[in-house]
$ cat query.cif   # mmCIF, C-alpha atoms
data_my_file
#
loop_
_atom_site.label_atom_id
_atom_site.label_comp_id
_atom_site.auth_asym_id
_atom_site.auth_seq_id
_atom_site.Cartn_x
_atom_site.Cartn_y
_atom_site.Cartn_z
CA MET L 1 -16.97 76.32 -43.18
CA GLU L 2 -15.46 79.34 -41.43
CA ILE L 3 -13.75 80.45 -44.66
CA PHE L 4 -17.01 80.16 -46.58
CA LEU L 5 -18.85 82.12 -43.88
CA THR L 6 -16.22 84.87 -43.92
CA PHE L 7 -16.33 85.09 -47.71
CA SER L 8 -20.15 85.22 -47.72
CA ILE L 9 -20.26 88.04 -45.17
CA PHE L 10 -17.55 89.96 -47.01
CA LEU L 11 -19.50 89.58 -50.26
CA ILE L 12 -22.68 90.88 -48.62
CA PHE L 13 -20.75 93.89 -47.33
CA LEU L 14 -19.22 94.69 -50.74
CA ILE L 15 -22.56 94.32 -52.53
CA THR L 16 -24.28 96.56 -49.99
CA LEU L 17 -21.58 99.22 -50.15
CA THR L 18 -21.37 99.16 -53.96
CA VAL L 19 -25.12 99.29 -54.56
CA PHE L 20 -25.73 102.08 -52.08
CA ARG L 21 -22.85 104.12 -53.44
CA LYS L 22 -23.99 103.60 -57.00
CA VAL L 23 -27.55 104.76 -56.33
CA ASN L 24 -26.25 107.51 -54.04
CA PHE L 25 -28.48 106.31 -51.20
CA LEU L 26 -27.73 107.22 -47.57
CA GLU L 27 -24.58 109.11 -48.46
CA ASP L 28 -23.44 111.05 -45.40
CA THR L 29 -23.11 114.67 -46.44
CA ILE L 30 -23.00 115.71 -42.74
CA LYS L 31 -25.84 118.05 -43.53
CA TYR L 32 -28.00 117.06 -40.62
CA SER L 33 -25.49 115.49 -38.24
CA LYS L 34 -24.24 118.29 -36.03
CA HIS L 35 -22.23 116.02 -33.74
CA LYS L 36 -20.21 114.74 -36.72
CA SER L 37 -19.87 118.01 -38.59
CA PHE L 38 -16.46 119.06 -37.25
CA VAL L 39 -14.73 115.69 -37.68
CA TYR L 40 -12.55 115.54 -40.76
CA ASN L 41 -13.40 112.91 -43.36
CA GLU L 42 -12.09 113.38 -46.89
CA LYS L 43 -14.54 110.86 -48.34
CA LYS L 44 -18.32 110.84 -48.47
CA PRO L 45 -19.05 107.65 -46.54
CA ILE L 46 -22.20 105.60 -47.03
CA ILE L 47 -24.40 104.86 -44.03
CA ILE L 48 -24.78 101.12 -44.53
CA GLY L 49 -24.20 99.90 -40.98
CA GLY L 50 -27.82 99.06 -40.23
CA ILE L 51 -28.59 97.39 -43.56
CA TYR L 52 -25.36 95.38 -43.41
CA LEU L 53 -25.87 94.21 -39.82
CA PHE L 54 -29.49 93.29 -40.43
CA SER L 55 -28.53 91.30 -43.53
CA ILE L 56 -26.16 89.20 -41.43
CA ILE L 57 -28.80 88.73 -38.73
CA LEU L 58 -31.40 87.76 -41.31
CA PHE L 59 -29.31 85.26 -43.26
CA PHE L 60 -27.02 83.77 -40.63
CA PHE L 61 -28.74 83.86 -37.24
CA PRO L 62 -30.25 80.43 -36.43
CA SER L 63 -33.99 79.80 -36.79
CA ASN L 64 -34.50 79.63 -33.02
CA LEU L 65 -33.68 83.37 -32.99
CA ASN L 66 -36.30 84.33 -35.59
CA PHE L 67 -37.99 86.63 -33.06
CA ILE L 68 -34.69 88.56 -32.88
CA LYS L 69 -34.83 88.95 -36.66
CA TYR L 70 -38.35 90.37 -36.53
CA PHE L 71 -37.57 92.95 -33.89
CA SER L 72 -34.18 93.75 -35.44
CA PHE L 73 -36.09 94.73 -38.56
CA LEU L 74 -38.25 97.14 -36.54
CA ILE L 75 -35.17 98.65 -34.90
CA LEU L 76 -33.59 98.95 -38.34
CA ILE L 77 -36.60 100.86 -39.68
CA ILE L 78 -36.43 103.37 -36.82
CA GLY L 79 -32.73 103.91 -37.51
CA LEU L 80 -33.21 104.27 -41.26
CA LEU L 81 -35.97 106.82 -40.73
CA SER L 82 -33.41 108.81 -38.75
CA ASP L 83 -30.51 108.25 -41.17
CA SER L 84 -32.63 109.42 -44.10
CA ASN L 85 -33.79 112.41 -42.03
CA PHE L 86 -37.41 111.32 -42.39
CA ILE L 87 -37.72 111.49 -38.60
CA ASN L 88 -35.20 114.01 -37.28
CA ASN L 89 -36.94 114.59 -33.96
CA PRO L 90 -35.15 112.62 -31.19
CA THR L 91 -38.33 112.50 -29.11
CA SER L 92 -40.22 110.75 -31.90
CA ARG L 93 -37.43 108.20 -32.34
CA PHE L 94 -37.32 107.64 -28.59
CA PHE L 95 -41.07 107.01 -28.49
CA LEU L 96 -40.83 104.46 -31.32
CA GLN L 97 -37.93 102.72 -29.57
CA VAL L 98 -39.96 102.42 -26.37
CA ILE L 99 -42.88 100.80 -28.20
CA VAL L 100 -40.70 98.26 -30.02
CA LEU L 101 -38.67 97.40 -26.91
CA LEU L 102 -41.81 96.98 -24.80
CA LEU L 103 -43.24 94.55 -27.32
CA PHE L 104 -39.95 92.69 -27.56
CA ILE L 105 -39.52 92.26 -23.81
CA ILE L 106 -43.13 91.27 -23.21
CA ILE L 107 -43.20 88.73 -26.06
CA SER L 108 -39.71 87.29 -25.50
CA GLY L 109 -39.98 87.22 -21.72
CA LEU L 110 -36.47 88.68 -21.42
CA ASN L 111 -35.75 90.23 -18.04
CA ILE L 112 -32.91 91.37 -15.83
CA GLN L 113 -32.97 88.99 -12.88
CA ASN L 114 -30.72 90.84 -10.45
CA ILE L 115 -28.09 93.53 -10.05
CA ASN L 116 -26.69 92.33 -6.70
CA ILE L 117 -28.32 95.16 -4.74
CA PRO L 118 -30.79 93.41 -2.40
CA PHE L 119 -33.40 96.15 -2.03
CA PHE L 120 -33.37 96.86 -5.79
CA ASP L 121 -33.53 93.15 -6.62
CA GLN L 122 -36.78 93.05 -4.66
CA PHE L 123 -38.22 95.63 -7.05
CA LEU L 124 -37.06 93.51 -10.00
CA LEU L 125 -39.33 90.72 -8.78
CA ASN L 126 -42.23 92.95 -9.74
CA TYR L 127 -43.16 92.17 -13.35
CA ASN L 128 -44.08 95.72 -14.38
CA PHE L 129 -41.03 97.29 -12.76
CA ASN L 130 -38.77 94.69 -14.36
CA ILE L 131 -40.16 95.50 -17.80
CA PHE L 132 -39.65 99.22 -17.18
CA PHE L 133 -36.07 98.72 -15.98
CA THR L 134 -35.14 96.38 -18.85
CA VAL L 135 -36.53 98.83 -21.41
CA PHE L 136 -34.61 101.64 -19.70
CA CYS L 137 -31.33 99.69 -19.95
CA PHE L 138 -31.85 98.99 -23.66
CA LEU L 139 -32.65 102.66 -24.29
CA VAL L 140 -29.55 103.86 -22.46
CA LEU L 141 -27.35 101.46 -24.42
CA MET L 142 -28.85 102.07 -27.86
CA ASN L 143 -28.83 105.85 -27.57
CA GLY L 144 -25.43 105.84 -25.87
CA ASN L 145 -24.10 104.11 -28.98
CA ASN L 146 -25.63 106.87 -31.05
CA PHE L 147 -23.90 109.55 -28.97
CA LEU L 148 -20.55 107.81 -29.54
CA ASP L 149 -21.01 107.46 -33.29
CA GLY L 150 -19.05 110.55 -34.25
CA LEU L 151 -15.65 108.96 -34.92
CA ASN L 152 -14.65 106.11 -37.21
CA VAL L 153 -14.49 102.62 -35.64
CA LEU L 154 -15.37 103.87 -32.15
CA VAL L 155 -18.70 102.05 -31.81
CA SER L 156 -18.06 99.14 -34.16
CA GLY L 157 -14.59 98.64 -32.67
CA TYR L 158 -15.97 98.77 -29.13
CA TYR L 159 -18.37 95.90 -29.77
CA LEU L 160 -15.74 93.99 -31.70
CA ILE L 161 -13.55 94.11 -28.57
CA ILE L 162 -16.44 92.87 -26.42
CA SER L 163 -17.01 89.99 -28.85
CA LEU L 164 -13.34 89.04 -28.90
CA ILE L 165 -13.06 89.17 -25.11
CA LEU L 166 -16.05 86.86 -24.68
CA TYR L 167 -15.16 84.52 -27.55
CA PHE L 168 -11.57 83.80 -26.55
CA PHE L 169 -12.23 83.53 -22.83
CA ILE L 170 -15.56 81.73 -23.00
CA SER L 171 -14.09 78.21 -23.03
CA ASP L 172 -11.79 78.88 -20.10
CA LEU L 173 -14.66 80.29 -18.07
CA SER L 174 -17.18 77.60 -19.09
CA LEU L 175 -19.78 80.26 -19.82
CA ASP L 176 -23.11 79.34 -21.34
CA LEU L 177 -23.05 81.51 -24.44
CA ASN L 178 -23.50 80.85 -28.16
CA LYS L 179 -19.97 80.86 -29.62
CA GLN L 180 -21.36 80.56 -33.14
CA ILE L 181 -23.19 83.88 -32.81
CA LEU L 182 -20.10 85.51 -31.32
CA PHE L 183 -17.90 84.26 -34.16
CA LEU L 184 -20.44 85.53 -36.66
CA LEU L 185 -20.43 88.97 -35.06
CA ILE L 186 -16.62 89.05 -34.92
CA ILE L 187 -16.37 88.49 -38.68
CA THR L 188 -19.16 90.97 -39.37
CA LEU L 189 -17.64 93.74 -37.26
CA THR L 190 -14.04 93.09 -38.36
CA ILE L 191 -15.00 93.65 -42.00
CA PHE L 192 -16.94 96.77 -41.14
CA VAL L 193 -14.17 98.18 -38.91
CA LEU L 194 -11.57 97.83 -41.69
CA PHE L 195 -13.65 99.88 -44.13
CA ASN L 196 -14.94 102.27 -41.49
CA PHE L 197 -11.37 103.01 -40.37
CA PHE L 198 -10.62 104.54 -43.78
CA GLY L 199 -13.94 106.37 -43.97
CA TYR L 200 -15.74 104.34 -46.63
CA CYS L 201 -18.82 103.58 -44.52
CA LEU L 202 -20.63 104.54 -41.34
CA LEU L 203 -22.88 102.76 -38.87
CA GLY L 204 -25.46 105.52 -38.74
CA ASP L 205 -28.36 105.49 -36.30
CA SER L 206 -29.63 102.24 -37.79
CA GLY L 207 -26.31 100.51 -37.08
CA THR L 208 -25.82 101.92 -33.60
CA TYR L 209 -29.37 101.07 -32.54
CA LEU L 210 -29.04 97.52 -33.87
CA LEU L 211 -25.73 96.93 -32.12
CA GLY L 212 -27.21 98.10 -28.83
CA PHE L 213 -30.25 95.90 -29.30
CA ILE L 214 -28.33 92.74 -30.24
CA TYR L 215 -25.62 93.06 -27.60
CA GLY L 216 -28.14 94.05 -24.95
CA TYR L 217 -29.98 90.80 -25.64
CA ILE L 218 -26.78 88.72 -25.69
CA LEU L 219 -25.33 90.16 -22.49
CA ILE L 220 -28.56 90.01 -20.49
CA GLY L 221 -28.79 86.37 -21.53
CA LEU L 222 -25.16 85.83 -20.51
CA ASN L 223 -25.90 87.11 -17.04
CA ASN L 224 -29.19 85.20 -16.65
CA ASP L 225 -27.76 81.89 -17.88
CA ASN L 226 -24.58 82.00 -15.78
CA TYR L 227 -25.42 82.58 -12.13
CA TYR L 228 -21.74 82.94 -11.18
CA VAL L 229 -21.23 85.88 -13.56
CA SER L 230 -21.62 89.15 -11.68
CA PRO L 231 -24.06 91.60 -13.31
CA TYR L 232 -21.31 94.19 -12.84
CA PHE L 233 -19.22 92.34 -15.40
CA ILE L 234 -21.95 93.16 -17.93
CA VAL L 235 -22.05 96.75 -16.67
CA LEU L 236 -18.27 96.97 -17.09
CA LEU L 237 -18.48 95.79 -20.70
CA LEU L 238 -21.14 98.38 -21.50
CA TRP L 239 -20.02 101.19 -19.23
CA PHE L 240 -18.77 103.54 -21.96
CA PRO L 241 -21.91 103.96 -24.14
CA ALA L 242 -24.14 103.81 -21.05
CA PHE L 243 -22.23 106.48 -19.11
CA GLU L 244 -21.77 108.59 -22.25
CA ASN L 245 -25.55 108.73 -22.56
CA LEU L 246 -26.27 109.52 -18.92
CA PHE L 247 -23.43 112.04 -18.55
CA SER L 248 -24.38 113.83 -21.78
CA LEU L 249 -27.97 114.26 -20.64
CA LEU L 250 -26.90 115.52 -17.22
CA ARG L 251 -24.37 118.06 -18.53
CA ARG L 252 -26.84 119.37 -21.11
CA LYS L 253 -29.48 119.89 -18.45
CA PHE L 254 -27.49 121.05 -15.43
CA ILE L 255 -24.25 122.51 -16.83
CA TYR L 256 -25.23 124.07 -20.16
CA ASN L 257 -28.99 124.41 -19.57
CA LYS L 258 -29.85 122.98 -22.97
CA LYS L 259 -32.64 120.73 -24.15
CA LEU L 260 -31.86 117.05 -23.54
CA SER L 261 -32.54 116.29 -27.21
CA GLU L 262 -30.32 119.08 -28.55
CA PRO L 263 -27.14 117.64 -30.17
CA ASP L 264 -23.75 119.19 -29.50
CA ASN L 265 -20.03 118.71 -30.06
CA LEU L 266 -19.09 118.35 -26.41
CA HIS L 267 -18.83 114.59 -26.02
CA LEU L 268 -15.61 113.24 -24.51
CA HIS L 269 -14.48 111.51 -27.71
CA GLN L 270 -14.94 114.78 -29.60
CA LEU L 271 -12.85 116.71 -27.08
CA ILE L 272 -10.10 114.08 -27.33
CA TYR L 273 -10.25 114.38 -31.12
CA LEU L 274 -9.92 118.17 -30.97
CA PHE L 275 -7.04 117.93 -28.51
CA ILE L 276 -5.14 115.49 -30.75
CA LYS L 277 -5.90 117.53 -33.85
CA ASN L 278 -4.68 120.76 -32.21
CA LYS L 279 -1.40 119.13 -31.20
CA ASN L 280 -0.59 118.49 -34.89
CA ILE L 281 1.07 115.20 -34.03
CA PHE L 282 -0.67 113.29 -36.82
CA LYS L 283 -1.98 114.24 -40.22
CA LEU L 284 -5.53 115.53 -40.05
CA LYS L 285 -6.99 112.60 -41.99
CA PHE L 286 -5.66 110.14 -39.38
CA CYS L 287 -6.86 112.00 -36.27
CA ASN L 288 -10.39 110.65 -36.58
CA SER L 289 -9.60 106.94 -36.45
CA LEU L 290 -6.55 107.29 -34.19
CA THR L 291 -8.65 109.00 -31.53
CA SER L 292 -10.98 106.01 -31.58
CA LEU L 293 -8.07 103.56 -31.33
CA LEU L 294 -6.77 105.38 -28.25
CA ILE L 295 -10.17 105.09 -26.53
CA LEU L 296 -10.57 101.46 -27.62
CA PHE L 297 -7.12 100.53 -26.31
CA TYR L 298 -8.05 101.90 -22.88
CA ASN L 299 -11.29 99.89 -22.81
CA PHE L 300 -9.56 96.75 -24.06
CA PHE L 301 -7.10 96.98 -21.17
CA ILE L 302 -9.95 97.44 -18.67
CA PHE L 303 -11.87 94.48 -20.13
CA LEU L 304 -8.79 92.24 -19.86
CA ILE L 305 -8.67 93.00 -16.15
CA GLY L 306 -12.43 92.59 -15.75
CA ILE L 307 -12.61 89.18 -17.43
CA LYS L 308 -10.33 87.76 -14.73
CA TYR L 309 -12.79 88.87 -12.05
CA TYR L 310 -16.08 88.21 -13.88
CA TYR L 311 -17.51 86.78 -10.65
CA HIS L 312 -16.16 89.41 -8.22
CA THR L 313 -18.70 92.21 -7.76
CA LYS L 314 -16.50 94.43 -5.58
CA ILE L 315 -13.52 94.46 -7.96
CA LEU L 316 -15.79 94.99 -10.97
CA SER L 317 -17.56 97.84 -9.17
CA LEU L 318 -14.17 99.42 -8.44
CA LEU L 319 -13.20 99.19 -12.12
CA ILE L 320 -16.47 100.85 -13.12
CA ILE L 321 -15.93 103.65 -10.59
CA ILE L 322 -12.36 104.15 -11.86
CA ASN L 323 -13.68 104.41 -15.42
CA ILE L 324 -16.26 107.02 -14.42
CA ILE L 325 -13.71 109.07 -12.45
CA ASN L 326 -11.24 108.93 -15.35
CA TYR L 327 -13.97 109.96 -17.78
CA ILE L 328 -15.00 112.98 -15.70
CA LEU L 329 -11.43 114.11 -14.94
CA ILE L 330 -10.32 113.84 -18.58
CA TYR L 331 -13.50 115.52 -19.78
CA PHE L 332 -13.14 118.65 -17.65
CA PHE L 333 -9.37 118.77 -18.15
CA LEU L 334 -9.79 118.80 -21.93
CA LYS L 335 -12.73 121.19 -21.74
CA ARG L 336 -10.65 123.68 -19.78
CA LYS L 337 -7.65 123.25 -22.11
CA LEU L 338 -9.70 123.77 -25.25
CA ILE L 339 -11.55 126.77 -23.84
CA SER L 340 -8.30 128.45 -22.70
CA LYS L 341 -6.78 127.82 -26.14
CA LYS L 342 -9.71 129.60 -27.80
CA LYS L 343 -9.23 132.58 -25.54
#

$ encode --input "query.cif" --output "C-alpha cells"
Amino acid sequence: MEIFLTFSIFLIFLITLTVFRKVNFLEDTIKYSKHKSFVYNEKKPIIIGGIYLFSIILFFFPSNLNFIKYFSFLILIIGLLSDSNFINNPTSRFFLQVIVLLLFIIISGLNIQNINIPFFDQFLLNYNFNIFFTVFCFLVLMNGNNFLDGLNVLVSGYYLIISLILYFFISDLSLDLNKQILFLLIITLTIFVLFNFFGYCLLGDSGTYLLGFIYGYILIGLNNDNYYVSPYFIVLLLWFPAFENLFSLLRRKFIYNKKLSEPDNLHLHQLIYLFIKNKNIFKLKFCNSLTSLLILFYNFFIFLIGIKYYYHTKILSLLIIINIINYILIYFFLKRKLISKKK
C-alpha cells in the first residue's frame, strides 16, 4: 500500500511538472520576483508547488477533511493569482487571505485554546478575539513561508523536517495525531525536495501559502487534542517562518524606513547565501541549495532537542529565545560583513 501510494504521488508530480513545462505555464523567469532575482539558478524552474500540493490534498486526504480541500482550493487560487502576476499587490493578496481564513475558522470552529500566559488566555476565551488571533497566526505563518521562499528546498525542506520529527516520535509520545496524513505529507515533500534541490521546480506563493495553511491546521489541532503538549512546542516548530515575517516587517519599517509590502534582498537566508557565495568555497550552482541545507540542519538539531521537552514550557521558551538571539546576531554580523566588503 505504501509503495503504491509513493508511486502514485511520484506520478502526479511528474505529470504536473511535464505538462506545465511543455505548455510553458508558470515558468519562473524571475521577472517579477525581486527577492529571488540575485540567487543563481541555471535552469528555468516551473512553479508547480501549489498545484502539486493541492492535487495530493484533493486525491489523498480522507473524506472527513473535505472542508480542508475546499479551503485549500481557495488558498491555491490566491497563490496562483500571485504566481501568474495577475495580483502583484501584496495588500490585495493579504486582504483575500484574511477573508478566506475568517471563513475557514468560523465554519470549521478551529481555535487556539491557550498559550500558557494566563492573562492572554483570558482574552482567548472571547470568541471574537480568538478568531482574530487565530487568523493572525495563520497570516504570519503563510506569509513568513513566502518570505523564506528564495532558496531551493528551504521551505519544503523545513516542513519535511517537521513532518519527520512528528511522525517518528509520535508513537513514543502517544500523541493524538493522524499518522496517515503525516506519512502522506512526508512522501509528497520528499519528492518535491529532491527536484527542488536541483532547481527543476519551485513552490511559488501558491505552494508556500498552502503549506502554511495545512501545517497551521495540523499543529493547532495537535496542541488542542493533546493537553500535555505545550503550545510553545508548536511555536518552536514554526519559529523560523513566523519570526522571519515579523522581523522583516519591523526592519523595513524601523531600520530602513520602507513600505511593509516592499520586497527586498535583506532576509537572513539571503545574507547567508551571499556570504557563502563570496567565500568561493563551493561552486556557484551549489550555493543556493547548500545554504538551505545549513539552515535546515540547525533547525533539525533544535527540533530534536525540543521534541524531548514537548511538555516543558520553560525549556521550550528558552530554545525559542536562543533561536531569536542567534537569528538577530547572525543577521547583523553578516549585514556588517557584506556592507564592509562592498566598501

$ closest_atom_pairs --input "query.cif" --of "region 209-251 of chain L" --to "region 61-67 of chain L" --cutoff "12 Å" --atoms "only C-alpha atoms" --output "Markdown table"
| residue | atom | partner | partner_atom | distance |
| --- | --- | --- | --- | --- |
| L:Ile214 | CA | L:Leu65 | CA | 11.1 |
| L:Tyr217 | CA | L:Leu65 | CA | 11.1 |
| L:Ile218 | CA | L:Leu65 | CA | 11.4 |

$ write_last_selection --input "query.cif" --atoms "C-alpha atoms" --output "CSV table (one decimal), keeping the file's coordinate frame"
chain,number,residue,atom,x,y,z
L,214,ILE,CA,-28.3,92.7,-30.2
L,217,TYR,CA,-30.0,90.8,-25.6
L,218,ILE,CA,-26.8,88.7,-25.7

$ resolve_selection --input "query.cif" --expression "the PyMOL selection byres ((chain L and resi 20) around 12)" --output "short mmCIF file (atom, residue, chain, number, x, y, z; two decimals) with C-alpha atoms, in the coordinates of the input"
data_model
loop_
_atom_site.label_atom_id
_atom_site.label_comp_id
_atom_site.auth_asym_id
_atom_site.auth_seq_id
_atom_site.Cartn_x
_atom_site.Cartn_y
_atom_site.Cartn_z
CA PHE L 13 -20.75 93.89 -47.33
CA LEU L 14 -19.22 94.69 -50.74
CA ILE L 15 -22.56 94.32 -52.53
CA THR L 16 -24.28 96.56 -49.99
CA LEU L 17 -21.58 99.22 -50.15
CA THR L 18 -21.37 99.16 -53.96
CA VAL L 19 -25.12 99.29 -54.56
CA ARG L 21 -22.85 104.12 -53.44
CA LYS L 22 -23.99 103.60 -57.00
CA VAL L 23 -27.55 104.76 -56.33
CA ASN L 24 -26.25 107.51 -54.04
CA PHE L 25 -28.48 106.31 -51.20
CA LEU L 26 -27.73 107.22 -47.57
CA GLU L 27 -24.58 109.11 -48.46
CA ASP L 28 -23.44 111.05 -45.40
CA PRO L 45 -19.05 107.65 -46.54
CA ILE L 46 -22.20 105.60 -47.03
CA ILE L 47 -24.40 104.86 -44.03
CA ILE L 48 -24.78 101.12 -44.53
CA GLY L 49 -24.20 99.90 -40.98
CA ILE L 51 -28.59 97.39 -43.56
CA TYR L 52 -25.36 95.38 -43.41
CA TYR L 200 -15.74 104.34 -46.63
CA CYS L 201 -18.82 103.58 -44.52
#

$ resolve_selection --input "query.cif" --expression "the PyMOL selection byres ((chain L and resi 222) around 10)" --output "mmCIF file with C-alpha atoms, in the frame of the given file"
data_model
loop_
_atom_site.group_PDB
_atom_site.id
_atom_site.type_symbol
_atom_site.label_atom_id
_atom_site.label_comp_id
_atom_site.auth_asym_id
_atom_site.auth_seq_id
_atom_site.Cartn_x
_atom_site.Cartn_y
_atom_site.Cartn_z
ATOM 1 C CA LEU L 175 -19.780 80.260 -19.820
ATOM 2 C CA ASP L 176 -23.110 79.340 -21.340
ATOM 3 C CA LEU L 177 -23.050 81.510 -24.440
ATOM 4 C CA ASN L 178 -23.500 80.850 -28.160
ATOM 5 C CA GLY L 216 -28.140 94.050 -24.950
ATOM 6 C CA TYR L 217 -29.980 90.800 -25.640
ATOM 7 C CA ILE L 218 -26.780 88.720 -25.690
ATOM 8 C CA LEU L 219 -25.330 90.160 -22.490
ATOM 9 C CA ILE L 220 -28.560 90.010 -20.490
ATOM 10 C CA GLY L 221 -28.790 86.370 -21.530
ATOM 11 C CA ASN L 223 -25.900 87.110 -17.040
ATOM 12 C CA ASN L 224 -29.190 85.200 -16.650
ATOM 13 C CA ASP L 225 -27.760 81.890 -17.880
ATOM 14 C CA ASN L 226 -24.580 82.000 -15.780
ATOM 15 C CA TYR L 227 -25.420 82.580 -12.130
ATOM 16 C CA VAL L 229 -21.230 85.880 -13.560
ATOM 17 C CA PRO L 231 -24.060 91.600 -13.310
ATOM 18 C CA ILE L 234 -21.950 93.160 -17.930
#

$ closest_residue --input "query.cif" --among "L:Trp239, L:Phe73, L:Phe303, L:Phe136" --to "Leu164 (chain L)" --atoms "all atoms listed in the file"
L:Phe303

$ closest_atom_pairs --input "query.cif" --of "region 117-235 of chain L" --to "region 270-291 of chain L" --cutoff "9 Å" --atoms "all atoms listed in the file" --output "CSV"
residue,atom,partner,partner_atom,distance
L:Leu148,CA,L:Gln270,CA,8.9
L:Gly150,CA,L:Gln270,CA,7.5
L:Leu151,CA,L:Asn288,CA,5.8
L:Asn152,CA,L:Ser289,CA,5.2
L:Val153,CA,L:Ser289,CA,6.6
L:Leu154,CA,L:Ser289,CA,7.8
L:Asn196,CA,L:Ser289,CA,8.7
L:Phe197,CA,L:Ser289,CA,5.8
L:Phe198,CA,L:Ser289,CA,7.8
L:Gly199,CA,L:Ser289,CA,8.7

$ atom_distance --input "query.cif" --atom1 "CA of Ile9 (chain L)" --atom2 "CA of Ile56 (chain L)"
7.1 Å

$ residues_around --input "query.cif" --residues "Met142 (chain L)" --least-positions-apart "6" --cutoff "9 Å" --atoms "only C-alpha atoms" --output "mmCIF file with C-alpha atoms, keeping the file's coordinate frame"
data_model
loop_
_atom_site.group_PDB
_atom_site.id
_atom_site.type_symbol
_atom_site.label_atom_id
_atom_site.label_comp_id
_atom_site.auth_asym_id
_atom_site.auth_seq_id
_atom_site.Cartn_x
_atom_site.Cartn_y
_atom_site.Cartn_z
ATOM 1 C CA THR L 208 -25.820 101.920 -33.600
ATOM 2 C CA TYR L 209 -29.370 101.070 -32.540
ATOM 3 C CA LEU L 210 -29.040 97.520 -33.870
ATOM 4 C CA LEU L 211 -25.730 96.930 -32.120
ATOM 5 C CA GLY L 212 -27.210 98.100 -28.830
ATOM 6 C CA PHE L 213 -30.250 95.900 -29.300
ATOM 7 C CA GLY L 216 -28.140 94.050 -24.950
ATOM 8 C CA PRO L 241 -21.910 103.960 -24.140
ATOM 9 C CA ALA L 242 -24.140 103.810 -21.050
#

$ atom_distance --input "query.cif" --atom1 "CA of Tyr159 (chain L)" --atom2 "CA of Leu319 (chain L)"
18.7 Å

$ closest_atom_pairs --input "query.cif" --of "region 52-83 of chain L" --to "region 90-107 of chain L" --cutoff "8 Å" --atoms "only C-alpha atoms" --output "JSON lines"
{"residue": "L:Phe71", "atom": "CA", "partner": "L:Phe104", "partner_atom": "CA", "distance": 6.8}
{"residue": "L:Leu74", "atom": "CA", "partner": "L:Val100", "partner_atom": "CA", "distance": 7.1}
{"residue": "L:Ile75", "atom": "CA", "partner": "L:Gln97", "partner_atom": "CA", "distance": 7.3}
{"residue": "L:Ile78", "atom": "CA", "partner": "L:Arg93", "partner_atom": "CA", "distance": 6.7}
{"residue": "L:Ser82", "atom": "CA", "partner": "L:Arg93", "partner_atom": "CA", "distance": 7.6}

$ closest_residue --input "query.cif" --among "L:Leu316, L:Leu166, L:Leu160, L:Ile330" --to "Thr190 (chain L)" --atoms "all atoms listed in the file"
L:Leu160

$ residues_around --input "query.cif" --residues "Leu249 (chain L)" --least-positions-apart "2" --cutoff "10 Å" --atoms "all atoms listed in the file" --output "PyMOL selection string"
chain L and resi 243-247+251-255+258-262

$ atom_distance --input "query.cif" --atom1 "CA of Gly157 (chain L)" --atom2 "CA of His267 (chain L)"
17.8 Å

$ closest_residue --input "query.cif" --among "L:Asn326, L:Ser84, L:Asn257, L:Thr188" --to "Leu53 (chain L)" --atoms "all atoms listed in the file"
L:Thr188

$ closest_residue --input "query.cif" --among "L:Ser248, L:Tyr215, L:Phe86, L:Phe169" --to "Ser72 (chain L)" --atoms "all atoms listed in the file"
L:Tyr215

$ residues_around --input "query.cif" --residues "Leu5 (chain L)" --least-positions-apart "6" --cutoff "9 Å" --atoms "only C-alpha atoms" --output "PyMOL selection string"
chain L and resi 60+184+187

$ residues_near_point --input "query.cif" --point "(-18.3, 89.8, -16.4)" --cutoff "8 Å" --atoms "all atoms listed in the file" --output "ChimeraX atom specification"
/L:229-237,306-307,309-311,316

$ closest_residue --input "query.cif" --among "L:Leu81, L:Ile12, L:Phe54, L:Leu318" --to "Lys69 (chain L)" --atoms "only C-alpha atoms"
L:Phe54
